[in-house]
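For reference, the structure is listed below as structure tokens.
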Amino acid sequence: MIDKFVATPAAALADVPDGATILLGGFGTAGLPEELTDALIARGAKGLTIVNNNAGNGEGGLAALIAAKCVKKIICSFPRQADSWHFDKAYRSGELELELVPQGTLAERIRAAGAGIGAFYTPTAFGTKLAEGKETRRIGDRDYVLEFPIHADYALIKAERGDRWGNLTYRMTARNFGPIMAMAARCTIAQVNETVELGQIDPEAVVTPGIFVKRVVKVSRAARKAA
Amino acid sequence: MIDKFVATPAAALADVPDGATILLGGFGTAGLPEELTDALIARGAKGLTIVNNNAGNGEGGLAALIAAKCVKKIICSFPRQADSWHFDKAYRSGELELELVPQGTLAERIRAAGAGIGAFYTPTAFGTKLAEGKETRRIGDRDYVLEFPIHADYALIKAERGDRWGNLTYRMTARNFGPIMAMAARCTIAQVNETVELGQIDPEAVVTPGIFVKRVVKVSRAARKAA
Amino acid sequence: MKKMDRNQMAARVARDIPEGAYVNLGIGLPTLVANHIPAGREVILHSENGVLGIGPRPAKGAEDYDLINAGKEPVTLLAGGAFFHHADSFGMIRGRHLDFCVLGAFQVSVSGDIANWHTGAPDAIPAVGGAMDLAVGAKKVLVMMEHLTKEGTSKIVERCSYPLTGAACVNRIYTDLAVIDVRADGLHVIDMAEGLEFDELQKLTGVPLHYRETAKA
Amino acid sequence: MKKMDRNQMAARVARDIPEGAYVNLGIGLPTLVANHIPAGREVILHSENGVLGIGPRPAKGAEDYDLINAGKEPVTLLAGGAFFHHADSFGMIRGRHLDFCVLGAFQVSVSGDIANWHTGAPDAIPAVGGAMDLAVGAKKVLVMMEHLTKEGTSKIVERCSYPLTGAACVNRIYTDLAVIDVRADGLHVIDMAEGLEFDELQKLTGVPLHYRETAKA
């Protein structure tokens, strides 16, 4: 019997090595898999490359991962925020490398990795600093920049509901990068608020089919509130 | 008040001109918008370029459109079928041009048009006749073929449920090309089995958000069965 | 002369957005536009973090931080709204499905270049978010900004001195002094703050403006 | 020597597909594999027209032509199945998420090239469907075909004479005579039909085969 359920975040992340590239879900705190991130810190893997829309907020989640000096490089679209002090400090000290990518290009590069696309031309950022040194091409009456996929070893995402085949649904705008990150990693680990029996997710409403998911860990909302 | 409902297939198609490029939903008969196709024949537009996975089955739908000599060119992945006689005849007589595209490349070219991607590299068809004359590129340890988007004037698709903002859900494998075709045309027209009030489609389960849809025509299953 | 305040500017932008439009409102000043869409006019708001059909702010205490806009503020969803993932959301933007986006800016040039993501200061931490996608993707790019910097120089310039967000993409500029169209033949004043004379506006603005009394909207 | 019949071939393929595998079965002969997955072994079947979790054929009279496989035959959906659109479906294929695909073929070459979409005849109407995507996309490409043409010549060849579907992509060939691995150093016989001797198999096959008794699976 296929059973992708794993008992704890720690067990789900037990094989993450130093130097791994990790897609980390979330837009700010919405969809950020906080318990998986905590387990990643506890695991102690170093030299990680983290792909996320942001670069950490406040003291928890990605910010804590940066503060724990686990991260070598961040690929993101919007690092600078009022509460991104851990990133700001590590970046300014030169210990953290930043690759800044326009948000839509970030999403499309992740999706391209998942969908087996070798590279694509996007109009975004043409003529700007963020396209400097990149190949460009005029197609029809528009100019485009060539962009390459972002493949990853792991994706850590947060979903709402999961079954033992790994089918997932999400909750409102916490969906954000989850479905495309799930496609783009060799090993996708989802924390879910609720586990359900096979068939309890409407097959018309599955957002991430289980083929993209290796491990599912239940971290109920109640448990998180209590913590 | 936004109201994308249109009373009849004929009214929905009243502005389709000769020479239009039309994305036609469906995989075989599943998801083929039969009543919209009939209305297109009745409209009498000629010189059409039709994009569909197939090239018509039996006497109805796309086959009838070909038999009515409305089609100049077909872009598809799988024209040859046991019951594709109208296509076979028109193709063999030379009156119908065929652009044969691998199914995944067809889907991705349509999606690229909808998503504003200028071109993309796919590994599919590398080293085959269908890549002859196309640009190729080695990326990492794989070879890729450069493919361009398929933009269209109209998309005619079949969905299950629609609301006045144009939000759509589909029914099982009748979904197939509908959601990506809806993105790739200047004017997307959906026939639906059922119209519902705003809010009756779960926002988590909307498959095609209304932004991609211009017109929605109800053609109930009962009416179709009676016809 | 009376400069428009932020709400007057937002109301002026809202006036130009017709029923049925799909609109992305940038972080900050543009967000205010939502409050000024006339009651009964259906305009569908998009946020790049994966939502269409944003409604009013939730009541105090009813915030749910799984339902936020691109500025990470809690919002609500209207009946008819939909959620989708980031690649689909930016497919909408880049694929030219949005009728309008409204962006803040540091500078806009006479040719419609916009700079709004980076001051270029050497120690600044850059952050671009979805601005570059919106700049190239929306059918109409509207900019909302103060006319003058704090130092009193024009933010409408011959060439942007800050790093660009997008080139030749702005269609219309809304400032606290005027509404200005960016056209192939230059900048055209469409509307001015109450009591402001064209000569004065021209004097305050760094670049030549066109103005025809009859063009006033 | 007793050639394997179609069901024996399908059962032999099914034997090699482990629990938890995601598998796409091509039109025709490969479709039979589904009937031979041992009861209790969970294998998840994909069809390129947008479905994962295909179950057995529906009972007569219960067919629903909105629920079909790539061969346009009515199917059923297992609990845990999911529907998705064509771009997502081929993203799964091209993005190397499928563990196996099983394809029919006209010819397979010693280097793993496969030809299965076009005889090359000048008046033939070509049709490719999803075969080229599956050939480059699945982690393991399994081919199921008769060993010999109707004329008695080998379908395993030095170089395909028919137009290619994919180059150097086949991992294993299942025929009515043998199971053969395609490796960097050539073709390795893994299994043979009951009573068939290697010398005879080699004589019937157009290209050199490797065989070690201990390699028999």
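Numbering starts fresh at 1 for the residues of each chain in the structure tokens, the chains themselves are lettered A, B, ... in the order given, and ligands are numbered from 1 as they appear.
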Identify, on the basis of only C-alpha atoms, every residue whose closest approach to Tyr154 (chain A) does not exceed 6 Å; exclude the query and any residue fewer than 3 positions from it along the same chain; express the result as a PDB file with C-alpha atoms, in the first residue's frame.
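Now in result29.pdb:
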```pdb
ATOM      1  CA  ILE A  22      15.500  23.798  -1.235  1.00  0.00           C
ATOM      2  CA  ALA A 185      12.019  19.177  -6.629  1.00  0.00           C
ATOM      3  CA  ARG A 186      13.288  15.624  -6.552  1.00  0.00           C
ATOM      4  CA  CYS A 187      11.683  15.233  -3.131  1.00  0.00           C
ATOM      5  CA  THR A 188       8.634  17.259  -2.161  1.00  0.00           C
TER       6      THR A 188
END
```
Would you mind listing, as a list of chain:residue names, all residues of chain A that have at least one atom within 7 Å of chain C, where only C-alpha atoms are what counts?
A:Gly28, A:Ala30, A:Ser77, A:Phe78, A:Pro79, A:Arg80, A:Pro102, A:Gln103, A:Gly104, A:Ala107, A:Glu108, A:Arg111, A:Pro123, A:Thr124, A:Ala125, A:Gly127, A:Thr128, A:Lys129, A:Arg171, A:Met172, A:Thr173, A:Ala174, A:Arg175, A:Asn176, A:Phe177, A:Pro179
Set out as CSV a contact list for chain A and chain B with a cut-off of 7 Å, giving each residue of chain A that qualifies its closest atom pair and distance in Å to one decimal, counting only C-alpha atoms, ordered by chain and rising residue number.
```
residue,atom,partner,partner_atom,distance
A:Ile117,CA,B:Thr122,CA,5.3
A:Gly118,CA,B:Tyr121,CA,5.1
A:Ala119,CA,B:Tyr121,CA,5.4
A:Phe120,CA,B:Phe120,CA,4.2
A:Tyr121,CA,B:Gly118,CA,5.1
A:Thr122,CA,B:Ile117,CA,5.3
A:Ile139,CA,B:Gly118,CA,6.5
A:Tyr144,CA,B:Gly118,CA,6.8
A:Met172,CA,B:Glu204,CA,6.8
A:Glu204,CA,B:Met172,CA,6.9
A:Ala205,CA,B:Ala205,CA,5.0
```
Would you write out those residues with C-alpha atoms, as a PDB file, in the first residue's frame?
```pdb
ATOM      1  CA  ILE A 117      11.224  22.965 -20.112  1.00  0.00           C
ATOM      2  CA  GLY A 118      14.897  23.654 -20.839  1.00  0.00           C
ATOM      3  CA  ALA A 119      14.645  27.444 -20.946  1.00  0.00           C
ATOM      4  CA  PHE A 120      12.125  30.114 -21.919  1.00  0.00           C
ATOM      5  CA  TYR A 121      11.930  33.668 -23.169  1.00  0.00           C
ATOM      6  CA  THR A 122      10.131  36.164 -20.949  1.00  0.00           C
ATOM      7  CA  ILE A 139      10.264  37.717 -31.168  1.00  0.00           C
ATOM      8  CA  TYR A 144      12.557  38.869 -24.407  1.00  0.00           C
ATOM      9  CA  MET A 172      -6.772  30.595   0.022  1.00  0.00           C
ATOM     10  CA  GLU A 204     -11.879  17.834  -9.752  1.00  0.00           C
ATOM     11  CA  ALA A 205     -10.430  19.950  -6.930  1.00  0.00           C
TER      12      ALA A 205
END
```
Exercise: Lys218 (chain A) partners within 9 Å, only C-alpha atoms, chain neighbours under 5 positions left out, as a ChimeraX atom specification:
/A:5-9,161-162,190-195
